[in-house]
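Text of the file start_13.txt, holding compact mmCIF, C-alpha atoms:
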```txt
# COMPACT_ATOMS: atom_id res chain seq x y z
CA MET G 251 -64.91 217.70 75.68
CA MET G 252 -61.47 217.03 74.19
CA ALA G 253 -59.60 213.73 74.11
CA SER G 254 -56.26 212.59 72.78
CA ILE G 255 -54.38 209.33 73.17
CA LYS G 256 -50.71 208.56 72.79
CA GLY G 257 -48.52 205.55 73.38
CA VAL G 258 -44.93 205.14 74.53
CA PRO G 259 -43.06 201.90 75.34
CA ILE G 260 -42.76 200.95 79.01
CA CYS G 261 -40.97 197.60 78.92
CA LYS G 262 -37.26 198.37 78.48
CA ALA G 263 -36.21 194.74 78.89
CA CYS G 264 -38.61 193.69 76.17
CA CYS G 265 -37.65 196.48 73.79
CA ALA G 266 -33.93 195.96 74.38
CA THR G 267 -34.10 192.43 73.00
CA ASN G 268 -36.60 193.13 70.26
CA ASN G 269 -36.40 196.36 68.33
CA ASN G 270 -40.09 197.00 68.20
CA HIS G 271 -42.64 198.10 70.71
CA ARG G 272 -45.41 195.62 69.93
CA HIS G 273 -45.33 193.99 73.35
CA CYS G 274 -45.96 196.78 75.86
CA TYR G 275 -47.31 200.29 75.50
CA TYR G 276 -48.08 203.03 77.95
CA TYR G 277 -51.18 204.93 76.91
CA SER G 278 -51.91 208.32 78.32
CA LYS G 279 -55.36 209.70 77.66
CA GLN G 280 -55.93 213.30 78.52
CA ILE G 281 -59.47 214.49 78.96
CA GLY G 282 -60.45 218.07 79.67
CA LEU G 283 -63.59 219.65 81.08
CA SER G 284 -63.82 223.41 80.81
CA GLU G 285 -65.57 226.00 82.90
CA SER G 286 -64.36 229.55 83.29
CA GLY G 287 -62.03 229.81 86.26
CA SER G 288 -62.39 226.17 87.33
CA ARG G 289 -60.02 223.22 87.54
CA ASN G 290 -60.69 219.53 87.11
CA LEU G 291 -60.40 217.46 90.23
CA LEU G 292 -59.99 213.89 89.09
CA ASN G 293 -56.54 212.37 88.62
CA LEU G 294 -56.67 208.63 88.89
CA ARG G 295 -54.59 205.73 87.70
CA VAL G 296 -56.32 202.48 86.83
CA GLN G 297 -54.86 199.84 89.13
CA ASN G 298 -53.02 197.17 87.18
CA LYS G 299 -50.32 194.53 87.16
CA TRP G 300 -48.30 193.68 84.08
CA GLU G 301 -45.73 191.11 83.15
CA CYS G 302 -43.90 190.50 79.90
CA ARG G 303 -41.99 187.33 79.03
CA LEU G 304 -39.58 187.37 76.12
CA GLY G 305 -36.94 184.74 75.52
CA GLY G 306 -37.52 183.23 78.95
CA VAL G 307 -36.84 186.54 80.75
CA LEU G 308 -39.47 187.83 83.19
CA THR G 309 -39.52 191.61 83.49
CA LYS G 310 -40.31 193.51 86.65
CA THR G 311 -43.95 193.38 87.76
CA GLN G 312 -45.23 196.80 88.63
CA THR G 313 -48.46 197.71 90.44
CA ALA G 314 -49.73 201.26 90.24
CA THR G 315 -52.18 202.05 93.02
CA THR G 316 -51.55 205.70 93.80
CA PRO G 317 -52.91 208.81 92.08
CA VAL G 318 -50.76 210.15 89.27
CA GLU G 319 -48.52 213.05 90.18
CA GLU G 320 -46.66 215.43 87.92
CA ASN G 321 -43.37 213.66 88.67
CA ASP G 322 -44.94 210.25 88.00
CA LYS G 323 -45.22 210.70 84.22
CA PRO G 324 -42.90 209.18 81.58
CA SER G 325 -39.71 211.09 80.98
CA VAL G 326 -37.09 210.80 78.23
CA ASP G 327 -33.42 210.49 79.11
CA GLY G 328 -30.46 211.70 77.11
CA ASN G 329 -30.50 208.60 74.89
CA GLY G 330 -34.11 209.17 73.90
CA GLU G 331 -35.35 206.22 75.95
CA THR G 332 -38.51 206.43 77.98
CA GLN G 333 -38.20 206.19 81.75
CA ILE G 334 -41.00 205.28 84.16
CA THR G 335 -40.73 206.67 87.66
CA GLU G 336 -42.44 205.08 90.64
CA ALA G 337 -45.36 206.89 92.27
CA ARG G 338 -44.11 208.85 95.26
CA GLY G 339 -47.20 208.78 97.44
CA PHE G 340 -50.80 209.70 97.88
CA HIS G 341 -52.21 213.16 97.38
CA ARG G 342 -52.62 214.63 100.80
CA ASP G 343 -55.38 216.96 99.59
CA LEU G 344 -56.80 218.42 96.41
CA GLN G 345 -54.37 221.34 96.55
CA SER G 346 -51.66 219.04 95.20
CA LEU G 347 -53.60 217.97 92.12
CA PRO G 348 -52.60 219.30 88.68
CA SER G 349 -54.41 222.54 87.99
CA GLU G 350 -55.40 222.19 84.32
CA ASP G 351 -56.58 218.70 83.40
CA PHE G 352 -56.64 215.19 84.69
CA THR G 353 -54.93 212.12 83.31
CA LEU G 354 -56.26 208.58 83.12
CA VAL G 355 -53.26 206.26 82.80
CA VAL G 356 -53.73 202.66 81.71
CA VAL G 357 -51.04 200.08 80.99
CA PHE G 358 -51.90 197.74 78.10
CA PRO G 359 -49.22 195.01 77.63
CA LEU G 360 -50.10 192.86 74.61
CA TRP G 361 -49.20 189.58 76.33
CA PRO G 362 -51.27 186.69 77.78
CA THR G 363 -49.94 187.19 81.33
CA PHE G 364 -51.66 190.58 81.76
CA HIS G 365 -53.93 190.94 84.82
CA LEU G 366 -56.18 193.94 85.43
CA VAL G 367 -57.24 194.82 88.96
CA GLY G 368 -59.53 197.82 88.63
CA PRO G 369 -61.09 199.98 91.35
CA LEU G 370 -64.57 199.15 92.57
CA SER G 371 -67.33 200.59 90.45
CA ALA G 372 -70.88 201.47 91.36
CA ILE G 373 -71.94 198.32 89.46
CA ASP G 374 -69.52 196.21 91.52
CA LEU G 375 -70.97 197.68 94.70
CA SER G 376 -74.55 196.98 93.60
CA SER G 377 -73.78 193.37 92.76
CA SER G 378 -71.91 192.93 96.05
CA LEU G 379 -74.83 194.39 97.98
CA SER G 380 -77.12 191.70 96.57
CA ASP G 381 -74.81 188.84 97.49
CA GLY G 382 -71.52 189.61 99.25
CA SER G 383 -70.75 185.93 99.76
CA LYS G 384 -67.02 186.48 99.24
CA VAL G 385 -66.78 189.72 101.20
CA ARG G 386 -65.21 189.94 104.65
CA VAL G 387 -66.57 192.92 106.61
CA ALA G 388 -65.11 194.25 109.87
CA TYR G 389 -67.18 195.97 112.53
CA GLN G 390 -66.74 197.15 116.11
CA GLY G 391 -68.30 195.00 118.81
CA LEU G 392 -69.28 191.38 119.32
CA PRO G 393 -71.59 189.16 117.27
CA GLY G 394 -75.11 190.51 117.65
CA ALA G 395 -74.03 194.18 117.63
CA TYR G 396 -76.00 196.69 115.59
CA SER G 397 -72.91 197.27 113.47
CA GLU G 398 -72.98 193.60 112.48
CA ALA G 399 -76.65 194.00 111.52
CA ALA G 400 -75.65 196.93 109.29
CA ALA G 401 -72.93 194.83 107.66
CA LEU G 402 -75.43 192.04 106.97
CA LYS G 403 -77.91 194.52 105.53
CA ALA G 404 -75.27 195.76 103.11
CA TYR G 405 -73.83 192.31 102.31
CA PRO G 406 -76.36 189.62 103.33
CA LYS G 407 -74.00 186.68 102.76
CA CYS G 408 -70.78 188.29 103.92
CA GLU G 409 -68.40 186.99 106.57
CA THR G 410 -68.50 189.44 109.48
CA VAL G 411 -65.32 190.03 111.50
CA PRO G 412 -65.73 191.57 115.00
CA CYS G 413 -63.14 194.04 116.31
CA ASP G 414 -62.59 195.39 119.81
CA GLU G 415 -62.26 199.06 118.89
CA PHE G 416 -62.99 201.41 116.00
CA GLU G 417 -59.25 201.85 115.43
CA ALA G 418 -58.93 198.08 114.94
CA VAL G 419 -61.68 198.21 112.30
CA PHE G 420 -59.65 200.66 110.20
CA LYS G 421 -56.47 198.63 110.68
CA ALA G 422 -58.19 195.42 109.58
CA VAL G 423 -58.99 196.96 106.19
CA GLU G 424 -55.58 198.62 105.79
CA LEU G 425 -53.75 195.36 106.54
CA TRP G 426 -55.90 193.43 104.01
CA LEU G 427 -57.38 191.23 106.75
CA VAL G 428 -60.86 192.17 105.52
CA ASP G 429 -62.34 193.73 102.39
CA LYS G 430 -64.66 196.30 103.90
CA ALA G 431 -65.55 197.97 107.19
CA VAL G 432 -68.87 199.18 108.55
CA LEU G 433 -68.67 202.18 110.85
CA PRO G 434 -71.46 204.04 112.69
CA ILE G 435 -71.23 207.76 112.03
CA GLU G 436 -74.42 209.30 113.41
CA ASN G 437 -77.65 208.47 115.21
CA SER G 438 -80.97 210.29 114.91
CA VAL G 439 -81.19 210.54 118.72
CA GLY G 440 -77.60 210.53 119.98
CA GLY G 441 -76.13 212.67 117.17
CA SER G 442 -72.71 212.33 115.55
CA ILE G 443 -70.02 209.88 116.67
CA HIS G 444 -67.09 212.29 116.81
CA ARG G 445 -64.41 209.67 117.33
CA ASN G 446 -65.18 208.14 113.94
CA TYR G 447 -65.02 211.51 112.20
CA ASP G 448 -61.50 211.94 113.58
CA LEU G 449 -60.52 208.44 112.43
CA LEU G 450 -61.81 209.12 108.91
CA LEU G 451 -59.33 211.97 108.62
CA PHE G 452 -56.44 210.09 110.22
CA HIS G 453 -56.74 207.02 107.98
CA ARG G 454 -56.71 206.82 104.18
CA LEU G 455 -59.76 204.62 103.61
CA HIS G 456 -62.53 205.63 101.23
CA ILE G 457 -66.28 205.76 101.81
CA VAL G 458 -67.93 203.48 99.23
CA GLY G 459 -71.44 203.22 100.64
CA GLU G 460 -73.81 203.93 103.49
CA VAL G 461 -76.39 201.94 105.46
CA GLN G 462 -79.33 203.32 107.41
CA LEU G 463 -80.50 200.93 110.12
CA VAL G 464 -83.61 201.17 112.28
CA VAL G 465 -82.54 200.48 115.87
CA ASN G 466 -84.76 198.13 117.90
CA HIS G 467 -83.59 198.24 121.50
CA CYS G 468 -84.75 195.13 123.38
CA LEU G 469 -84.68 194.33 127.07
CA LEU G 470 -83.04 190.92 127.50
CA GLY G 471 -82.87 188.60 130.49
CA LEU G 472 -82.12 185.03 131.46
CA PRO G 473 -84.70 182.41 130.44
CA GLY G 474 -87.71 182.46 132.75
CA VAL G 475 -86.99 185.90 134.24
CA ARG G 476 -89.65 188.66 134.17
CA LYS G 477 -88.62 192.27 133.59
CA GLU G 478 -90.02 193.26 137.00
CA GLU G 479 -87.35 191.08 138.64
CA LEU G 480 -84.48 193.07 137.15
CA LYS G 481 -82.40 195.31 139.40
CA ARG G 482 -79.48 195.99 137.07
CA VAL G 483 -79.36 196.58 133.29
CA LEU G 484 -76.18 196.59 131.20
CA SER G 485 -75.62 198.20 127.79
CA HIS G 486 -73.70 200.78 125.79
CA PRO G 487 -74.03 204.32 127.27
CA GLN G 488 -75.96 205.57 124.22
CA ALA G 489 -78.42 202.68 124.45
CA LEU G 490 -78.96 203.38 128.15
CA ASP G 491 -79.61 207.06 127.43
CA GLN G 492 -82.00 206.26 124.59
CA CYS G 493 -84.06 203.97 126.88
CA GLU G 494 -83.98 206.22 129.94
CA MET G 495 -87.75 206.49 130.43
CA THR G 496 -88.29 202.72 130.37
CA LEU G 497 -85.40 202.08 132.74
CA ASN G 498 -86.60 204.77 135.16
CA LYS G 499 -90.02 203.14 135.31
CA LEU G 500 -88.39 199.80 136.16
CA GLY G 501 -86.20 201.48 138.80
CA VAL G 502 -83.07 199.59 137.74
CA THR G 503 -79.42 200.53 138.06
CA LYS G 504 -77.78 201.35 134.72
CA VAL G 505 -74.33 199.84 134.05
CA SER G 506 -72.26 200.93 131.02
CA THR G 507 -70.42 198.44 128.78
CA ASN G 508 -68.35 198.78 125.62
CA ASP G 509 -71.19 197.66 123.34
CA SER G 510 -74.71 196.30 123.51
CA ALA G 511 -73.82 192.80 122.32
CA GLY G 512 -71.10 192.66 124.97
CA ALA G 513 -73.75 193.46 127.58
CA ALA G 514 -75.80 190.49 126.38
CA GLN G 515 -72.74 188.25 126.53
CA ILE G 516 -71.95 189.34 130.12
CA THR G 517 -75.55 188.78 131.19
CA ALA G 518 -75.52 185.26 129.74
CA ALA G 519 -72.11 184.44 131.27
CA GLU G 520 -72.82 185.73 134.78
CA ARG G 521 -76.19 183.94 135.05
CA VAL G 522 -77.49 186.44 137.62
CA ARG G 523 -81.29 186.52 137.49
CA ASP G 524 -81.69 190.17 138.44
CA THR G 525 -79.32 191.34 135.68
CA GLY G 526 -80.55 192.21 132.21
CA ALA G 527 -79.19 193.85 129.07
CA ILE G 528 -80.31 196.17 126.30
CA ALA G 529 -79.35 194.75 122.93
CA SER G 530 -80.76 193.43 119.65
CA VAL G 531 -83.01 190.45 118.97
CA ARG G 532 -80.07 188.79 117.20
CA ALA G 533 -77.93 189.17 120.36
CA ALA G 534 -80.66 187.38 122.35
CA GLU G 535 -80.60 184.49 119.88
CA ILE G 536 -76.81 184.23 119.91
CA TYR G 537 -76.38 184.28 123.71
CA GLY G 538 -79.49 182.32 124.66
CA LEU G 539 -81.43 185.12 126.36
CA ASP G 540 -85.14 185.89 126.41
CA VAL G 541 -86.56 189.09 124.91
CA LEU G 542 -88.49 190.63 127.80
CA ALA G 543 -89.60 193.72 125.87
CA GLU G 544 -89.03 195.15 122.36
CA ARG G 545 -88.67 198.75 121.15
CA ILE G 546 -88.08 200.16 124.60
CA GLN G 547 -86.31 203.28 123.26
CA ASP G 548 -87.85 206.64 124.16
CA ASP G 549 -87.95 207.73 120.51
CA THR G 550 -89.48 205.11 118.22
CA ASP G 551 -87.85 206.67 115.13
CA ASN G 552 -84.34 205.69 116.14
CA ILE G 553 -82.07 205.34 113.11
CA THR G 554 -78.30 204.91 112.93
CA ARG G 555 -76.36 205.75 109.80
CA PHE G 556 -73.31 203.62 108.99
CA LEU G 557 -70.53 204.16 106.46
CA ILE G 558 -68.99 201.39 104.36
CA LEU G 559 -65.21 201.83 104.01
CA ALA G 560 -62.76 200.24 101.56
CA ARG G 561 -59.14 200.59 100.48
CA GLU G 562 -60.08 201.88 97.01
CA PRO G 563 -62.81 204.34 96.00
CA ILE G 564 -65.60 203.37 93.66
CA ILE G 565 -66.01 205.05 90.29
CA PRO G 566 -68.99 207.38 90.81
CA GLY G 567 -71.97 207.08 88.50
CA SER G 568 -74.98 209.18 87.66
CA ASP G 569 -77.56 206.42 87.16
CA ARG G 570 -78.81 206.67 90.76
CA PRO G 571 -78.69 209.27 93.56
CA HIS G 572 -75.20 209.70 95.00
CA LYS G 573 -73.74 211.46 98.00
CA THR G 574 -70.24 212.91 98.32
CA SER G 575 -68.45 213.38 101.66
CA ILE G 576 -65.65 215.93 102.03
CA VAL G 577 -63.63 217.58 104.79
CA PHE G 578 -62.03 221.03 104.57
CA SER G 579 -60.62 223.86 106.67
CA LEU G 580 -60.79 227.60 106.15
CA GLU G 581 -58.84 230.71 106.99
CA GLU G 582 -60.22 232.91 109.77
CA GLY G 583 -62.34 235.81 108.56
CA PRO G 584 -65.86 237.23 108.35
CA GLY G 585 -68.18 235.33 106.00
CA VAL G 586 -65.61 232.70 105.02
CA LEU G 587 -67.85 229.76 105.91
CA PHE G 588 -70.75 231.43 104.10
CA LYS G 589 -68.61 231.71 100.96
CA ALA G 590 -67.55 228.07 101.24
CA LEU G 591 -71.12 226.79 101.50
CA ALA G 592 -72.33 229.15 98.77
CA VAL G 593 -70.38 227.18 96.14
CA PHE G 594 -72.97 224.43 96.56
CA ALA G 595 -76.02 226.72 96.71
CA LEU G 596 -74.95 228.45 93.49
CA ARG G 597 -75.11 225.07 91.70
CA ASN G 598 -78.34 223.87 93.35
CA ILE G 599 -76.56 221.15 95.35
CA ASN G 600 -78.25 220.11 98.57
CA LEU G 601 -76.18 219.69 101.75
CA SER G 602 -77.42 216.75 103.85
CA LYS G 603 -74.88 217.03 106.67
CA ILE G 604 -72.38 219.51 108.11
CA GLU G 605 -70.20 218.79 111.14
CA SER G 606 -67.40 220.85 112.66
CA ARG G 607 -64.51 219.41 114.65
CA PRO G 608 -61.56 221.28 116.23
CA GLN G 609 -58.24 220.30 114.71
CA ARG G 610 -56.58 217.98 117.19
CA TYR G 611 -52.96 218.94 116.53
CA ARG G 612 -53.53 222.68 116.04
CA PRO G 613 -56.61 223.48 118.13
CA LEU G 614 -55.88 227.20 118.57
CA ARG G 615 -55.12 229.88 116.03
CA ILE G 616 -53.54 233.20 117.05
CA VAL G 617 -54.75 236.20 115.10
CA ASP G 618 -53.23 239.66 115.47
CA ASP G 619 -55.61 242.36 116.65
CA SER G 620 -54.34 245.91 116.52
CA ASN G 621 -56.68 247.02 119.32
CA LYS G 622 -56.14 244.32 121.95
CA GLY G 623 -53.06 242.44 120.87
CA SER G 624 -53.50 238.84 119.74
CA ALA G 625 -56.71 236.79 119.85
CA LYS G 626 -57.00 232.99 120.03
CA TYR G 627 -59.60 231.03 118.05
CA PHE G 628 -60.39 227.37 117.67
CA ASP G 629 -59.19 226.05 114.31
CA TYR G 630 -61.97 223.90 112.85
CA LEU G 631 -62.37 221.18 110.27
CA PHE G 632 -65.71 221.03 108.46
CA TYR G 633 -67.18 217.70 107.38
CA VAL G 634 -69.86 218.08 104.70
CA ASP G 635 -72.09 215.59 102.87
CA PHE G 636 -73.70 216.88 99.69
CA GLU G 637 -76.17 215.15 97.39
CA ALA G 638 -74.40 214.98 94.04
CA SER G 639 -72.12 212.55 92.25
CA MET G 640 -68.55 213.40 91.37
CA ALA G 641 -69.48 212.25 87.86
CA GLU G 642 -71.62 215.39 87.55
CA PRO G 643 -69.86 218.52 86.26
CA ARG G 644 -71.67 220.69 88.83
CA ALA G 645 -70.05 218.73 91.68
CA GLN G 646 -66.61 219.03 90.07
CA TYR G 647 -67.07 222.75 89.53
CA ALA G 648 -68.30 223.23 93.12
CA LEU G 649 -65.19 221.56 94.53
CA ALA G 650 -62.94 223.52 92.18
CA HIS G 651 -64.58 226.69 93.49
CA LEU G 652 -64.26 225.52 97.10
CA GLN G 653 -60.60 224.71 96.53
CA GLU G 654 -59.98 228.40 95.83
CA ILE G 655 -61.43 229.29 99.25
CA ALA G 656 -60.28 226.41 101.48
CA LYS G 657 -56.74 225.98 102.75
CA PHE G 658 -57.30 222.20 102.99
CA LEU G 659 -59.76 219.98 101.11
CA ARG G 660 -60.13 216.22 100.88
CA VAL G 661 -62.80 214.05 99.27
CA LEU G 662 -63.62 211.17 101.65
CA GLY G 663 -65.80 209.33 99.15
CA CYS G 664 -68.61 209.40 96.61
CA TYR G 665 -71.19 206.65 96.98
CA PRO G 666 -74.85 205.69 96.31
CA ILE G 667 -77.42 206.97 98.82
CA ASP G 668 -79.15 204.30 100.92
CA THR G 669 -82.88 204.95 100.61
CA THR G 670 -84.08 201.78 102.37
CA LEU G 671 -84.92 201.29 106.05
```

For the file at hand, write its structure as structure tokens.
Amino acid sequence: MMASIKGVPICKACCATNNNHRHCYYYSKQIGLSESGSRNLLNLRVQNKWECRLGGVLTKTQTATTPVEENDKPSVDGNGETQITEARGFHRDLQSLPSEDFTLVVVFPLWPTFHLVGPLSAIDLSSSLSDGSKVRVAYQGLPGAYSEAAALKAYPKCETVPCDEFEAVFKAVELWLVDKAVLPIENSVGGSIHRNYDLLLFHRLHIVGEVQLVVNHCLLGLPGVRKEELKRVLSHPQALDQCEMTLNKLGVTKVSTNDSAGAAQITAAERVRDTGAIASVRAAEIYGLDVLAERIQDDTDNITRFLILAREPIIPGSDRPHKTSIVFSLEEGPGVLFKALAVFALRNINLSKIESRPQRYRPLRIVDDSNKGSAKYFDYLFYVDFEASMAEPRAQYALAHLQEIAKFLRVLGCYPIDTTL
């Protein structure tokens, strides 16, 4: 591994009034990892704010939050003075990253008013998971929803913020109304939640953790009501499907609602004795309902996996098992998907999840066929979770290899694996 460090002044106002550069320096550290035919994938700027006061003059405060681009480096004008250009935007995918090495840029002003706001680290996440008293977490649904239970499992003392829709959950984080979001992504019985895969691609949030939650579907009713009296049961469509055998035995009518906690709220508000709901034990406590039966799901091993989303990624570590989530698309051709997945097999990296979704804005691809004219194919995006940390060279090399095959590639997040149930 090679490393070099250099410093150039960044505070022109400071240096203009004092002919030395003791007050502010811009340090650029270049680090290189080498493997034949591969490219490094990391290009991050440490988030920071700096101020410099000299002679009562306050210089411009600058916050760097976007990845470094080639045109975002210091340049020298005709007078030999260093210029700093503003970052011009986020990397849309890994294709736009520099091809040779990555740059870690840190601003170190030697002044008491310096404030450092760094990205979340794996240590920060671990400490937050044990407390979370200052964390605001958004989720879809009403109080008592399974998503709220997942948020409380991740951050036991957090403040949970309910949202009407999944889109609103993303917006709450992007608008700084909350710190994190908890989003269901797949269920062991119902499968993947495709809407949330699409939203992950549309928004620029980062996956910083996961939560696996055992689902305990309960049959709820008004106080004093027996389950045999029920004629109508409300809940989310997935919950109704997962409890189909129990509901068929009771001979009740199934009514769909937006979420399970909302079904409990409606049941409590309507006060109709023959109406029940399928929801959690916590929902029964919140809305004053009785638990008529627990674990009524057809499959007792019912587990939902949730993702924790944040505005900034965490710095991946190697001290504990990590998972990395990516999305990519490929050109049409025989064996292309095989070649893409082989980059992980060649480096002994296990794939824990693969999901394909048609591209929403370009669903069809026209391919010329000399025999029968043109053929139309669905154009797919592939979502993959693999069990390796981006701090490991093998993961970096695998993505560098995949980048040579894929026409689009984006890392959604690297985060510790949840091994608790």

Name all residues at most 12 Å from Leu451 in chain G (count all atoms listed in the file; drop same-chain ones fewer than 3 positions away) and give them as a ChimeraX atom specification. /G:342-343,420,444-448,454-457,575-578,607,609-610,631-633,658-663

C-alpha atoms of the current selection, written as a PDB file, in the frame of the given file:
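Just written: selection.pdb:
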```
ATOM      1  CA  ARG G 342     -52.620 214.630 100.800  1.00  0.00           C
ATOM      2  CA  ASP G 343     -55.380 216.960  99.590  1.00  0.00           C
ATOM      3  CA  PHE G 420     -59.650 200.660 110.200  1.00  0.00           C
ATOM      4  CA  HIS G 444     -67.090 212.290 116.810  1.00  0.00           C
ATOM      5  CA  ARG G 445     -64.410 209.670 117.330  1.00  0.00           C
ATOM      6  CA  ASN G 446     -65.180 208.140 113.940  1.00  0.00           C
ATOM      7  CA  TYR G 447     -65.020 211.510 112.200  1.00  0.00           C
ATOM      8  CA  ASP G 448     -61.500 211.940 113.580  1.00  0.00           C
ATOM      9  CA  ARG G 454     -56.710 206.820 104.180  1.00  0.00           C
ATOM     10  CA  LEU G 455     -59.760 204.620 103.610  1.00  0.00           C
ATOM     11  CA  HIS G 456     -62.530 205.630 101.230  1.00  0.00           C
ATOM     12  CA  ILE G 457     -66.280 205.760 101.810  1.00  0.00           C
ATOM     13  CA  SER G 575     -68.450 213.380 101.660  1.00  0.00           C
ATOM     14  CA  ILE G 576     -65.650 215.930 102.030  1.00  0.00           C
ATOM     15  CA  VAL G 577     -63.630 217.580 104.790  1.00  0.00           C
ATOM     16  CA  PHE G 578     -62.030 221.030 104.570  1.00  0.00           C
ATOM     17  CA  ARG G 607     -64.510 219.410 114.650  1.00  0.00           C
ATOM     18  CA  GLN G 609     -58.240 220.300 114.710  1.00  0.00           C
ATOM     19  CA  ARG G 610     -56.580 217.980 117.190  1.00  0.00           C
ATOM     20  CA  LEU G 631     -62.370 221.180 110.270  1.00  0.00           C
ATOM     21  CA  PHE G 632     -65.710 221.030 108.460  1.00  0.00           C
ATOM     22  CA  TYR G 633     -67.180 217.700 107.380  1.00  0.00           C
ATOM     23  CA  PHE G 658     -57.300 222.200 102.990  1.00  0.00           C
ATOM     24  CA  LEU G 659     -59.760 219.980 101.110  1.00  0.00           C
ATOM     25  CA  ARG G 660     -60.130 216.220 100.880  1.00  0.00           C
ATOM     26  CA  VAL G 661     -62.800 214.050  99.270  1.00  0.00           C
ATOM     27  CA  LEU G 662     -63.620 211.170 101.650  1.00  0.00           C
ATOM     28  CA  GLY G 663     -65.800 209.330  99.150  1.00  0.00           C
TER      29      GLY G 663
END
```

Point-to-point distance from CA of Thr525 in chain G to CA of His467 in chain G, Å rounded to tenths: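 These two atoms are separated by 16.3 Å.
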
With 8 Å on each side, where is the centre of the axis-aligned box around all listed atoms of range 395-408 of chain G, and how long are its edges in Å to one decimal, as AutoDock Vina command-line options?
```
--center_x -74.3 --center_y 192.0 --center_z 110.0 --size_x 23.1 --size_y 26.6 --size_z 31.3
```

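Distances to Ser568 in chain G were evaluated for G:Glu535, G:Glu637, G:Glu544, G:Glu605 using only C-alpha atoms, and the minimum falls at G:Glu637.
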
d(CA of Glu415 in chain G, CA of Thr517 in chain G) in Å: 20.8 Å

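The coordinates place CA of Leu559 in chain G at 9.6 Å from CA of Ala388 in chain G.
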
Which residues come within 8 Å of Pro571 in chain G, counting all atoms listed in the file, excluding same-chain residues fewer than 6 positions away, as a PDB file with C-alpha atoms, in the frame of the given file?
```pdb
ATOM      1  CA  GLU G 637     -76.170 215.150  97.390  1.00  0.00           C
ATOM      2  CA  ALA G 638     -74.400 214.980  94.040  1.00  0.00           C
ATOM      3  CA  SER G 639     -72.120 212.550  92.250  1.00  0.00           C
ATOM      4  CA  PRO G 666     -74.850 205.690  96.310  1.00  0.00           C
ATOM      5  CA  ILE G 667     -77.420 206.970  98.820  1.00  0.00           C
TER       6      ILE G 667
END
```

Which neighbours of Arg561 in chain G fall inside 10 Å, counting only C-alpha atoms, when residues of the same chain fewer than 3 positions from it are skipped, and could you give them as an MDAnalysis selection string? chainID G and resid 369:370 420 423:426 428:431 454:458 564

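The nearest approach to Lys477 in chain G among the residues G:Thr670, G:Ser606, G:Thr496, G:Ser506, with all atoms listed in the file taken into account, belongs to G:Thr496.
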
Tell me which protein, DNA and RNA residues are within 10 Å of Glu581 in chain G, counting all atoms listed in the file, leaving out same-chain ones fewer than 2 positions away, and put them as a PDB file with C-alpha atoms, in the coordinates of the input.
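Writing done, so here's result_30.pdb:
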```
ATOM      1  CA  SER G 579     -60.620 223.860 106.670  1.00  0.00           C
ATOM      2  CA  GLY G 583     -62.340 235.810 108.560  1.00  0.00           C
ATOM      3  CA  PRO G 584     -65.860 237.230 108.350  1.00  0.00           C
ATOM      4  CA  VAL G 586     -65.610 232.700 105.020  1.00  0.00           C
ATOM      5  CA  LEU G 587     -67.850 229.760 105.910  1.00  0.00           C
ATOM      6  CA  ARG G 615     -55.120 229.880 116.030  1.00  0.00           C
ATOM      7  CA  ASP G 629     -59.190 226.050 114.310  1.00  0.00           C
ATOM      8  CA  TYR G 630     -61.970 223.900 112.850  1.00  0.00           C
ATOM      9  CA  ILE G 655     -61.430 229.290  99.250  1.00  0.00           C
ATOM     10  CA  ALA G 656     -60.280 226.410 101.480  1.00  0.00           C
ATOM     11  CA  LYS G 657     -56.740 225.980 102.750  1.00  0.00           C
ATOM     12  CA  PHE G 658     -57.300 222.200 102.990  1.00  0.00           C
TER      13      PHE G 658
END
```
